[in-house]
2 protein chains.
Amino acid sequence: MAYKTRQRDAIWQVVVSSARPLTAQEICAEAAKSVEGIGIATVYRALKQMVEEGQVRHIDVPGVQPHYENAALSHHHFFLCEECKRLFDLAGCLRGIANLLPSGYRMKRHEIVIYGECAGCVSRA
Amino acid sequence: MAYKTRQRDAIWQVVVSSARPLTAQEICAEAAKSVEGIGIATVYRALKQMVEEGQVRHIDVPGVQPHYENAALSHHHFFLCEECKRLFDLAGCLRGIANLLPSGYRMKRHEIVIYGECAGCVSRA
DNA sequence: TGAAAAACGAGAATAGAATATCAATTTCAC
DNA sequence: GTGAAATTGATATTCTATTCTCGTTTTTCA
């Protein structure tokens, strides 16, 4: 049985209230504001469980550590700022992706990642 | 100065004559057919140099080891077969990718990866 | 309230790709 | 052909995100 703990509550709160995907480190740092001294192992344990239970999504983008976000968010893709290395959500998707497939191939899912500079870094430059 | 060696020739030949991106391991195994006993360190060294010199492209797709391919190939994306774990090239691209960007964001490049089953695995199933 | 089960935190251990090391071999310019 | 410089292959080492270990603490529920 799963126990309800201050640590897990804090981790969950951080994930669902974030406007963008976060790394385990970022989640740990943010959760530490509510639960002082929370350990990174606890964050990994909780995230792993939440991913298995389908509440949290694990996001792998080349070039940066894995990120995590609320799995309830609708289908979308990501933007990686090469300047500040932060990952952002992109709204919407594209049509015609299946047209890229050679005949005989079956598509199960797809990922789109855009690399560049976020608004903050563009204006700061 | 760079010396021309049997090993490098073999590695280069494997890369340019492959119909799809290969991993360092695959390249090593394939190159071993021309140069018996070629070591994995040599493959990594050669690939690293070729990437720096712009002849070879380093491809990072989540879930599989890095792959390498001829950098002279025109812009395209990738398909990962979740059954046989092989990576394939997809011809062409999509329009309107920049439309996904929030205002103020600057796109430098993009990646599209489709996951599914390749023709071989579909027909074998 | 008490006891069993689960979770915690700190730090050690793991794993796997990539790099470094180094003696032996190969390449190249002359 | 010769010697300096580069490369090779085997293996040790590094690196770092994640998991494991384990003694302690917290949660749950009768």
# chains A, B, ... in the order shown; residues from 1 in each chain; ligands from 1
call {"tool": "select_by_dssp", "arguments": {"residues": "region 42-96 of chain B", "states": "helix (DSSP H, G or I)", "output": "VMD selection string"}}
result
chain B and resid 42 to 52
call {"tool": "write_last_selection", "arguments": {"atoms": "N, CA and C atoms", "output": "CSV table (one decimal), in the first residue's frame"}}
result
chain,number,residue,atom,x,y,z
B,42,THR,N,39.1,2.6,-31.7
B,42,THR,CA,39.4,3.1,-33.0
B,42,THR,C,38.2,3.7,-33.7
B,43,VAL,N,37.1,2.9,-33.6
B,43,VAL,CA,35.9,3.4,-34.2
B,43,VAL,C,35.4,4.7,-33.6
B,44,TYR,N,35.4,4.8,-32.3
B,44,TYR,CA,35.0,6.0,-31.6
B,44,TYR,C,35.9,7.1,-32.0
B,45,ARG,N,37.2,6.9,-32.0
B,45,ARG,CA,38.2,8.0,-32.3
B,45,ARG,C,37.9,8.5,-33.7
B,46,ALA,N,37.7,7.6,-34.7
B,46,ALA,CA,37.5,8.0,-36.1
B,46,ALA,C,36.2,8.7,-36.2
B,47,LEU,N,35.2,8.2,-35.6
B,47,LEU,CA,33.9,8.9,-35.7
B,47,LEU,C,33.9,10.3,-35.1
B,48,LYS,N,34.6,10.4,-34.0
B,48,LYS,CA,34.7,11.7,-33.3
B,48,LYS,C,35.4,12.7,-34.3
B,49,GLN,N,36.4,12.3,-34.9
B,49,GLN,CA,37.1,13.2,-35.8
B,49,GLN,C,36.3,13.5,-37.0
B,50,MET,N,35.6,12.5,-37.6
B,50,MET,CA,34.7,12.8,-38.7
B,50,MET,C,33.6,13.7,-38.4
B,51,VAL,N,33.1,13.6,-37.2
B,51,VAL,CA,32.0,14.5,-36.8
B,51,VAL,C,32.6,15.9,-36.7
B,52,GLU,N,33.7,16.0,-36.1
B,52,GLU,CA,34.3,17.4,-35.9
B,52,GLU,C,34.6,18.0,-37.3
call {"tool": "residues_around", "arguments": {"residues": "DT27 (chain C)", "least_positions_apart": "6", "cutoff": "8 Å", "atoms": "only C-alpha atoms (C1' of nucleotides)", "output": "ChimeraX atom specification"}}
result
/B:3-5 /D:6
call {"tool": "closest_atom_pairs", "arguments": {"of": "chain B", "to": "chain A", "cutoff": "6 Å", "atoms": "only C-alpha atoms", "output": "CSV"}}
result
residue,atom,partner,partner_atom,distance
B:Asp60,CA,A:Pro62,CA,5.8
B:Pro62,CA,A:Asp60,CA,5.9
B:Gly104,CA,A:Ala119,CA,4.5
B:Tyr105,CA,A:Ala119,CA,4.7
B:Arg106,CA,A:Glu117,CA,5.2
B:Met107,CA,A:Gly116,CA,4.5
B:Lys108,CA,A:Gly116,CA,4.6
B:Arg109,CA,A:Tyr115,CA,5.3
B:His110,CA,A:Ile114,CA,4.2
B:Glu111,CA,A:Val113,CA,5.2
B:Ile112,CA,A:Ile112,CA,4.5
B:Val113,CA,A:Glu111,CA,5.2
B:Ile114,CA,A:His110,CA,4.2
B:Tyr115,CA,A:Arg109,CA,5.3
B:Gly116,CA,A:Met107,CA,4.5
B:Glu117,CA,A:Arg106,CA,5.1
B:Cys118,CA,A:Tyr105,CA,4.7
B:Ala119,CA,A:Gly104,CA,4.6
call {"tool": "write_last_selection", "arguments": {"atoms": "C-alpha atoms", "output": "mmCIF file, in the first residue's frame"}}
result
data_model
loop_
_atom_site.group_PDB
_atom_site.id
_atom_site.type_symbol
_atom_site.label_atom_id
_atom_site.label_comp_id
_atom_site.auth_asym_id
_atom_site.auth_seq_id
_atom_site.Cartn_x
_atom_site.Cartn_y
_atom_site.Cartn_z
ATOM 1 C CA ASP B 60 20.739 11.259 -30.788
ATOM 2 C CA PRO B 62 15.942 8.876 -27.054
ATOM 3 C CA GLY B 104 9.425 35.721 -29.163
ATOM 4 C CA TYR B 105 10.965 32.280 -29.503
ATOM 5 C CA ARG B 106 13.605 31.688 -32.156
ATOM 6 C CA MET B 107 13.935 28.353 -33.927
ATOM 7 C CA LYS B 108 17.397 27.194 -34.948
ATOM 8 C CA ARG B 109 16.630 23.610 -35.850
ATOM 9 C CA HIS B 110 14.128 20.854 -35.233
ATOM 10 C CA GLU B 111 13.910 17.110 -34.964
ATOM 11 C CA ILE B 112 11.070 14.738 -35.700
ATOM 12 C CA VAL B 113 11.148 11.120 -34.619
ATOM 13 C CA ILE B 114 8.470 8.597 -35.425
ATOM 14 C CA TYR B 115 8.241 5.437 -33.350
ATOM 15 C CA GLY B 116 6.556 2.261 -34.502
ATOM 16 C CA GLU B 117 7.270 -0.875 -36.470
ATOM 17 C CA CYS B 118 9.331 -1.082 -39.641
ATOM 18 C CA ALA B 119 8.047 -2.884 -42.704
#
call {"tool": "residues_around", "arguments": {"residues": "Ile11 (chain B)", "least_positions_apart": "4", "cutoff": "7 Å", "atoms": "only C-alpha atoms (C1' of nucleotides)", "output": "list in words"}}
result
Gln7, Val15, Ile27, Ala31 and Val43 of chain B
call {"tool": "write_last_selection", "arguments": {"atoms": "N, CA and C atoms", "output": "mmCIF file, in the first residue's frame"}}
result
data_model
loop_
_atom_site.group_PDB
_atom_site.id
_atom_site.type_symbol
_atom_site.label_atom_id
_atom_site.label_comp_id
_atom_site.auth_asym_id
_atom_site.auth_seq_id
_atom_site.Cartn_x
_atom_site.Cartn_y
_atom_site.Cartn_z
ATOM 1 N N GLN B 7 41.918 1.221 -41.220
ATOM 2 C CA GLN B 7 40.786 1.276 -40.299
ATOM 3 C C GLN B 7 39.827 2.415 -40.636
ATOM 4 N N VAL B 15 30.054 3.788 -43.206
ATOM 5 C CA VAL B 15 29.101 4.880 -42.981
ATOM 6 C C VAL B 15 28.454 5.341 -44.286
ATOM 7 N N ILE B 27 28.927 -0.197 -36.618
ATOM 8 C CA ILE B 27 29.987 0.207 -37.537
ATOM 9 C C ILE B 27 31.229 -0.643 -37.298
ATOM 10 N N ALA B 31 32.818 -2.929 -40.090
ATOM 11 C CA ALA B 31 34.173 -2.611 -40.541
ATOM 12 C C ALA B 31 35.111 -3.793 -40.311
ATOM 13 N N VAL B 43 37.115 2.948 -33.614
ATOM 14 C CA VAL B 43 35.879 3.403 -34.234
ATOM 15 C C VAL B 43 35.408 4.710 -33.593
#
call {"tool": "closest_atom_pairs", "arguments": {"of": "chain C", "to": "chain B", "cutoff": "12 Å", "atoms": "only C-alpha atoms (C1' of nucleotides)", "output": "tab-separated table"}}
result
residue	atom	partner	partner_atom	distance
C:DG16	C1'	B:Gln65	CA	10.3
C:DA17	C1'	B:Gln65	CA	8.3
C:DA18	C1'	B:Tyr44	CA	7.9
C:DT19	C1'	B:Ala41	CA	8.6
C:DA20	C1'	B:Ala41	CA	10.4
C:DT21	C1'	B:Ala41	CA	12.0
C:DT25	C1'	B:Thr5	CA	11.9
C:DT26	C1'	B:Thr5	CA	8.1
C:DT27	C1'	B:Tyr3	CA	6.2
C:DC28	C1'	B:Tyr3	CA	7.7
C:DA29	C1'	B:Met1	CA	11.6
call {"tool": "atom_distance", "arguments": {"atom1": "C1' of DT16 (chain D)", "atom2": "CA of Gln25 (chain B)"}}
result
21.8 Å
call {"tool": "interface_residues", "arguments": {"of": "chain D", "to": "chain B", "cutoff": "10 Å", "atoms": "only C-alpha atoms (C1' of nucleotides)", "output": "list in words"}}
result
DA5, DA6, DT7, DT8, DG9 and DA10 of chain D
call {"tool": "write_last_selection", "arguments": {"atoms": "N, CA and C atoms (P, O5', C5', C4', C3', O3' and C1' of nucleotides)", "output": "PDB file, in the first residue's frame"}}
result
ATOM      1  P    DA D   5      58.534  14.543 -34.270  1.00  0.00           P
ATOM      2  O5'  DA D   5      57.139  14.007 -34.813  1.00  0.00           O
ATOM      3  C5'  DA D   5      56.774  14.251 -36.170  1.00  0.00           C
ATOM      4  C4'  DA D   5      55.436  13.575 -36.442  1.00  0.00           C
ATOM      5  C3'  DA D   5      54.423  13.748 -35.309  1.00  0.00           C
ATOM      6  O3'  DA D   5      53.169  14.098 -35.866  1.00  0.00           O
ATOM      7  C1'  DA D   5      54.706  11.445 -35.809  1.00  0.00           C
ATOM      8  P    DA D   6      51.880  14.266 -34.998  1.00  0.00           P
ATOM      9  O5'  DA D   6      51.040  13.002 -35.463  1.00  0.00           O
ATOM     10  C5'  DA D   6      50.919  12.731 -36.848  1.00  0.00           C
ATOM     11  C4'  DA D   6      50.169  11.422 -37.048  1.00  0.00           C
ATOM     12  C3'  DA D   6      48.887  11.313 -36.220  1.00  0.00           C
ATOM     13  O3'  DA D   6      47.859  10.851 -37.073  1.00  0.00           O
ATOM     14  C1'  DA D   6      50.293   9.447 -35.798  1.00  0.00           C
ATOM     15  P    DT D   7      46.434  10.501 -36.532  1.00  0.00           P
ATOM     16  O5'  DT D   7      46.527   8.932 -36.323  1.00  0.00           O
ATOM     17  C5'  DT D   7      46.914   8.110 -37.410  1.00  0.00           C
ATOM     18  C4'  DT D   7      46.802   6.653 -37.012  1.00  0.00           C
ATOM     19  C3'  DT D   7      45.511   6.293 -36.264  1.00  0.00           C
ATOM     20  O3'  DT D   7      44.921   5.192 -36.932  1.00  0.00           O
ATOM     21  C1'  DT D   7      47.398   5.507 -35.077  1.00  0.00           C
ATOM     22  P    DT D   8      43.576   4.538 -36.497  1.00  0.00           P
ATOM     23  O5'  DT D   8      44.043   3.205 -35.795  1.00  0.00           O
ATOM     24  C5'  DT D   8      44.979   2.356 -36.442  1.00  0.00           C
ATOM     25  C4'  DT D   8      45.381   1.236 -35.507  1.00  0.00           C
ATOM     26  C3'  DT D   8      44.212   0.650 -34.716  1.00  0.00           C
ATOM     27  O3'  DT D   8      44.066  -0.724 -35.027  1.00  0.00           O
ATOM     28  C1'  DT D   8      46.074   1.165 -33.289  1.00  0.00           C
ATOM     29  P    DG D   9      42.727  -1.474 -34.700  1.00  0.00           P
ATOM     30  O5'  DG D   9      43.113  -2.186 -33.334  1.00  0.00           O
ATOM     31  C5'  DG D   9      44.203  -3.074 -33.304  1.00  0.00           C
ATOM     32  C4'  DG D   9      44.358  -3.611 -31.890  1.00  0.00           C
ATOM     33  C3'  DG D   9      43.061  -4.068 -31.231  1.00  0.00           C
ATOM     34  O3'  DG D   9      43.380  -5.229 -30.465  1.00  0.00           O
ATOM     35  C1'  DG D   9      44.032  -2.319 -29.942  1.00  0.00           C
ATOM     36  P    DA D  10      42.284  -6.141 -29.851  1.00  0.00           P
ATOM     37  O5'  DA D  10      42.616  -6.032 -28.293  1.00  0.00           O
ATOM     38  C5'  DA D  10      43.947  -6.251 -27.862  1.00  0.00           C
ATOM     39  C4'  DA D  10      44.078  -5.840 -26.417  1.00  0.00           C
ATOM     40  C3'  DA D  10      42.869  -6.202 -25.545  1.00  0.00           C
ATOM     41  O3'  DA D  10      43.325  -6.842 -24.380  1.00  0.00           O
ATOM     42  C1'  DA D  10      43.356  -3.881 -25.357  1.00  0.00           C
TER      43       DA D  10
END
call {"tool": "select_by_dssp", "arguments": {"residues": "region 24-124 of chain B", "states": "strand (DSSP E or B)", "output": "list in words"}}
result
Val56, Arg57, His58, Ile59, His67, Tyr68, Glu69, Asn70, His77, Phe78, Phe79, Leu80, Cys81, Leu87, Phe88, Asp89, Leu90, Arg106, Met107, Lys108, Arg109, His110, Glu111, Ile112, Val113, Ile114, Tyr115, Gly116 and Glu117 of chain B
call {"tool": "write_last_selection", "arguments": {"atoms": "C-alpha atoms", "output": "PDB file, in the first residue's frame"}}
result
ATOM      1  CA  VAL B  56      29.666  12.473 -40.288  1.00  0.00           C
ATOM      2  CA  ARG B  57      26.535  13.420 -38.376  1.00  0.00           C
ATOM      3  CA  HIS B  58      25.901  12.320 -34.806  1.00  0.00           C
ATOM      4  CA  ILE B  59      22.286  11.343 -34.220  1.00  0.00           C
ATOM      5  CA  HIS B  67      23.879   6.622 -34.307  1.00  0.00           C
ATOM      6  CA  TYR B  68      26.098   8.015 -37.058  1.00  0.00           C
ATOM      7  CA  GLU B  69      25.437   8.765 -40.698  1.00  0.00           C
ATOM      8  CA  ASN B  70      26.891  10.503 -43.723  1.00  0.00           C
ATOM      9  CA  HIS B  77      14.185  12.796 -39.964  1.00  0.00           C
ATOM     10  CA  PHE B  78      14.107   9.372 -38.357  1.00  0.00           C
ATOM     11  CA  PHE B  79      12.007   6.363 -37.646  1.00  0.00           C
ATOM     12  CA  LEU B  80      12.776   4.051 -34.751  1.00  0.00           C
ATOM     13  CA  CYS B  81      11.407   0.531 -34.951  1.00  0.00           C
ATOM     14  CA  LEU B  87      16.831   3.449 -36.857  1.00  0.00           C
ATOM     15  CA  PHE B  88      15.707   4.401 -40.385  1.00  0.00           C
ATOM     16  CA  ASP B  89      15.823   7.580 -42.415  1.00  0.00           C
ATOM     17  CA  LEU B  90      12.584   9.255 -43.407  1.00  0.00           C
ATOM     18  CA  ARG B 106      13.605  31.688 -32.156  1.00  0.00           C
ATOM     19  CA  MET B 107      13.935  28.353 -33.927  1.00  0.00           C
ATOM     20  CA  LYS B 108      17.397  27.194 -34.948  1.00  0.00           C
ATOM     21  CA  ARG B 109      16.630  23.610 -35.850  1.00  0.00           C
ATOM     22  CA  HIS B 110      14.128  20.854 -35.233  1.00  0.00           C
ATOM     23  CA  GLU B 111      13.910  17.110 -34.964  1.00  0.00           C
ATOM     24  CA  ILE B 112      11.070  14.738 -35.700  1.00  0.00           C
ATOM     25  CA  VAL B 113      11.148  11.120 -34.619  1.00  0.00           C
ATOM     26  CA  ILE B 114       8.470   8.597 -35.425  1.00  0.00           C
ATOM     27  CA  TYR B 115       8.241   5.437 -33.350  1.00  0.00           C
ATOM     28  CA  GLY B 116       6.556   2.261 -34.502  1.00  0.00           C
ATOM     29  CA  GLU B 117       7.270  -0.875 -36.470  1.00  0.00           C
TER      30      GLU B 117
END
call {"tool": "atom_distance", "arguments": {"atom1": "C1' of DA15 (chain C)", "atom2": "C1' of DT19 (chain D)"}}
result
10.0 Å
call {"tool": "residues_around", "arguments": {"residues": "DA13 (chain C)", "least_positions_apart": "5", "cutoff": "12 Å", "atoms": "only C-alpha atoms (C1' of nucleotides)", "output": "JSON, numbers by chain"}}
result
{"D": [18, 19, 20, 21]}
call {"tool": "write_last_selection", "arguments": {"atoms": "N, CA and C atoms (P, O5', C5', C4', C3', O3' and C1' of nucleotides)", "output": "PDB file, in the first residue's frame"}}
result
ATOM      1  P    DT D  18      18.069  10.394 -14.520  1.00  0.00           P
ATOM      2  O5'  DT D  18      18.153   9.091 -13.629  1.00  0.00           O
ATOM      3  C5'  DT D  18      18.318   7.834 -14.272  1.00  0.00           C
ATOM      4  C4'  DT D  18      18.658   6.770 -13.257  1.00  0.00           C
ATOM      5  C3'  DT D  18      17.590   6.530 -12.183  1.00  0.00           C
ATOM      6  O3'  DT D  18      16.992   5.270 -12.450  1.00  0.00           O
ATOM      7  C1'  DT D  18      19.807   6.441 -11.317  1.00  0.00           C
ATOM      8  P    DT D  19      15.846   4.670 -11.559  1.00  0.00           P
ATOM      9  O5'  DT D  19      16.665   3.680 -10.601  1.00  0.00           O
ATOM     10  C5'  DT D  19      17.592   2.772 -11.182  1.00  0.00           C
ATOM     11  C4'  DT D  19      18.321   2.019 -10.091  1.00  0.00           C
ATOM     12  C3'  DT D  19      17.419   1.463  -8.991  1.00  0.00           C
ATOM     13  O3'  DT D  19      17.770   0.096  -8.810  1.00  0.00           O
ATOM     14  C1'  DT D  19      19.200   2.713  -8.046  1.00  0.00           C
ATOM     15  P    DC D  20      17.011  -0.800  -7.732  1.00  0.00           P
ATOM     16  O5'  DC D  20      18.110  -0.915  -6.579  1.00  0.00           O
ATOM     17  C5'  DC D  20      19.440  -1.257  -6.929  1.00  0.00           C
ATOM     18  C4'  DC D  20      20.309  -1.285  -5.684  1.00  0.00           C
ATOM     19  C3'  DC D  20      19.656  -1.961  -4.483  1.00  0.00           C
ATOM     20  O3'  DC D  20      20.631  -2.820  -3.911  1.00  0.00           O
ATOM     21  C1'  DC D  20      20.354   0.247  -3.906  1.00  0.00           C
ATOM     22  P    DT D  21      20.225  -3.775  -2.679  1.00  0.00           P
ATOM     23  O5'  DT D  21      20.827  -2.976  -1.433  1.00  0.00           O
ATOM     24  C5'  DT D  21      22.133  -2.436  -1.527  1.00  0.00           C
ATOM     25  C4'  DT D  21      22.556  -1.919  -0.157  1.00  0.00           C
ATOM     26  C3'  DT D  21      21.857  -2.597   1.020  1.00  0.00           C
ATOM     27  O3'  DT D  21      22.803  -2.758   2.061  1.00  0.00           O
ATOM     28  C1'  DT D  21      21.407  -0.277   1.058  1.00  0.00           C
TER      29       DT D  21
END
call {"tool": "atom_distance", "arguments": {"atom1": "C1' of DC30 (chain C)", "atom2": "C1' of DA4 (chain D)"}}
result
11.4 Å
call {"tool": "residues_around", "arguments": {"residues": "DT25 (chain D)", "least_positions_apart": "5", "cutoff": "12 Å", "atoms": "only C-alpha atoms (C1' of nucleotides)", "output": "MDAnalysis selection string"}}
result
(chainID A and resid 5) or (chainID C and resid 6:9)
call {"tool": "write_last_selection", "arguments": {"atoms": "N, CA and C atoms (P, O5', C5', C4', C3', O3' and C1' of nucleotides)", "output": "mmCIF file, in the first residue's frame"}}
result
data_model
loop_
_atom_site.group_PDB
_atom_site.id
_atom_site.type_symbol
_atom_site.label_atom_id
_atom_site.label_comp_id
_atom_site.auth_asym_id
_atom_site.auth_seq_id
_atom_site.Cartn_x
_atom_site.Cartn_y
_atom_site.Cartn_z
ATOM 1 N N THR A 5 2.743 10.933 2.086
ATOM 2 C CA THR A 5 3.797 11.599 2.866
ATOM 3 C C THR A 5 3.942 13.055 2.431
ATOM 4 P P DA C 6 3.887 -2.754 2.601
ATOM 5 O "O5'" DA C 6 4.343 -1.230 2.573
ATOM 6 C "C5'" DA C 6 3.406 -0.229 2.959
ATOM 7 C "C4'" DA C 6 4.103 1.114 3.043
ATOM 8 C "C3'" DA C 6 5.044 1.396 1.875
ATOM 9 O "O3'" DA C 6 4.647 2.635 1.313
ATOM 10 C "C1'" DA C 6 6.140 1.802 3.955
ATOM 11 P P DA C 7 5.443 3.309 0.130
ATOM 12 O "O5'" DA C 7 6.376 4.320 0.917
ATOM 13 C "C5'" DA C 7 5.783 5.255 1.811
ATOM 14 C "C4'" DA C 7 6.850 6.139 2.409
ATOM 15 C "C3'" DA C 7 7.853 6.691 1.396
ATOM 16 O "O3'" DA C 7 7.976 8.088 1.618
ATOM 17 C "C1'" DA C 7 8.990 5.627 3.180
ATOM 18 P P DC C 8 8.930 8.983 0.787
ATOM 19 O "O5'" DC C 8 10.113 9.267 1.809
ATOM 20 C "C5'" DC C 8 9.797 9.802 3.086
ATOM 21 C "C4'" DC C 8 11.040 9.928 3.921
ATOM 22 C "C3'" DC C 8 12.230 10.481 3.139
ATOM 23 O "O3'" DC C 8 12.535 11.795 3.575
ATOM 24 C "C1'" DC C 8 12.830 8.524 4.417
ATOM 25 P P DG C 9 13.561 12.650 2.726
ATOM 26 O "O5'" DG C 9 14.943 12.185 3.364
ATOM 27 C "C5'" DG C 9 15.256 12.531 4.702
ATOM 28 C "C4'" DG C 9 16.714 12.228 4.955
ATOM 29 C "C3'" DG C 9 17.667 12.868 3.948
ATOM 30 O "O3'" DG C 9 18.807 13.337 4.657
ATOM 31 C "C1'" DG C 9 17.870 10.485 3.860
#
call {"tool": "residues_around", "arguments": {"residues": "DA30 (chain D)", "least_positions_apart": "6", "cutoff": "12 Å", "atoms": "only C-alpha atoms (C1' of nucleotides)", "output": "VMD selection string"}}
result
chain C and resid 1 to 4
call {"tool": "write_last_selection", "arguments": {"atoms": "C-alpha atoms (C1' of nucleotides)", "output": "compact mmCIF listing (two decimals), in the first residue's frame"}}
result
# COMPACT_ATOMS: atom_id res chain seq x y z
C1' DT C 1 -1.60 3.35 21.28
C1' DG C 2 1.08 -0.14 19.27
C1' DA C 3 2.89 -2.80 15.73
C1' DA C 4 3.52 -3.72 10.94
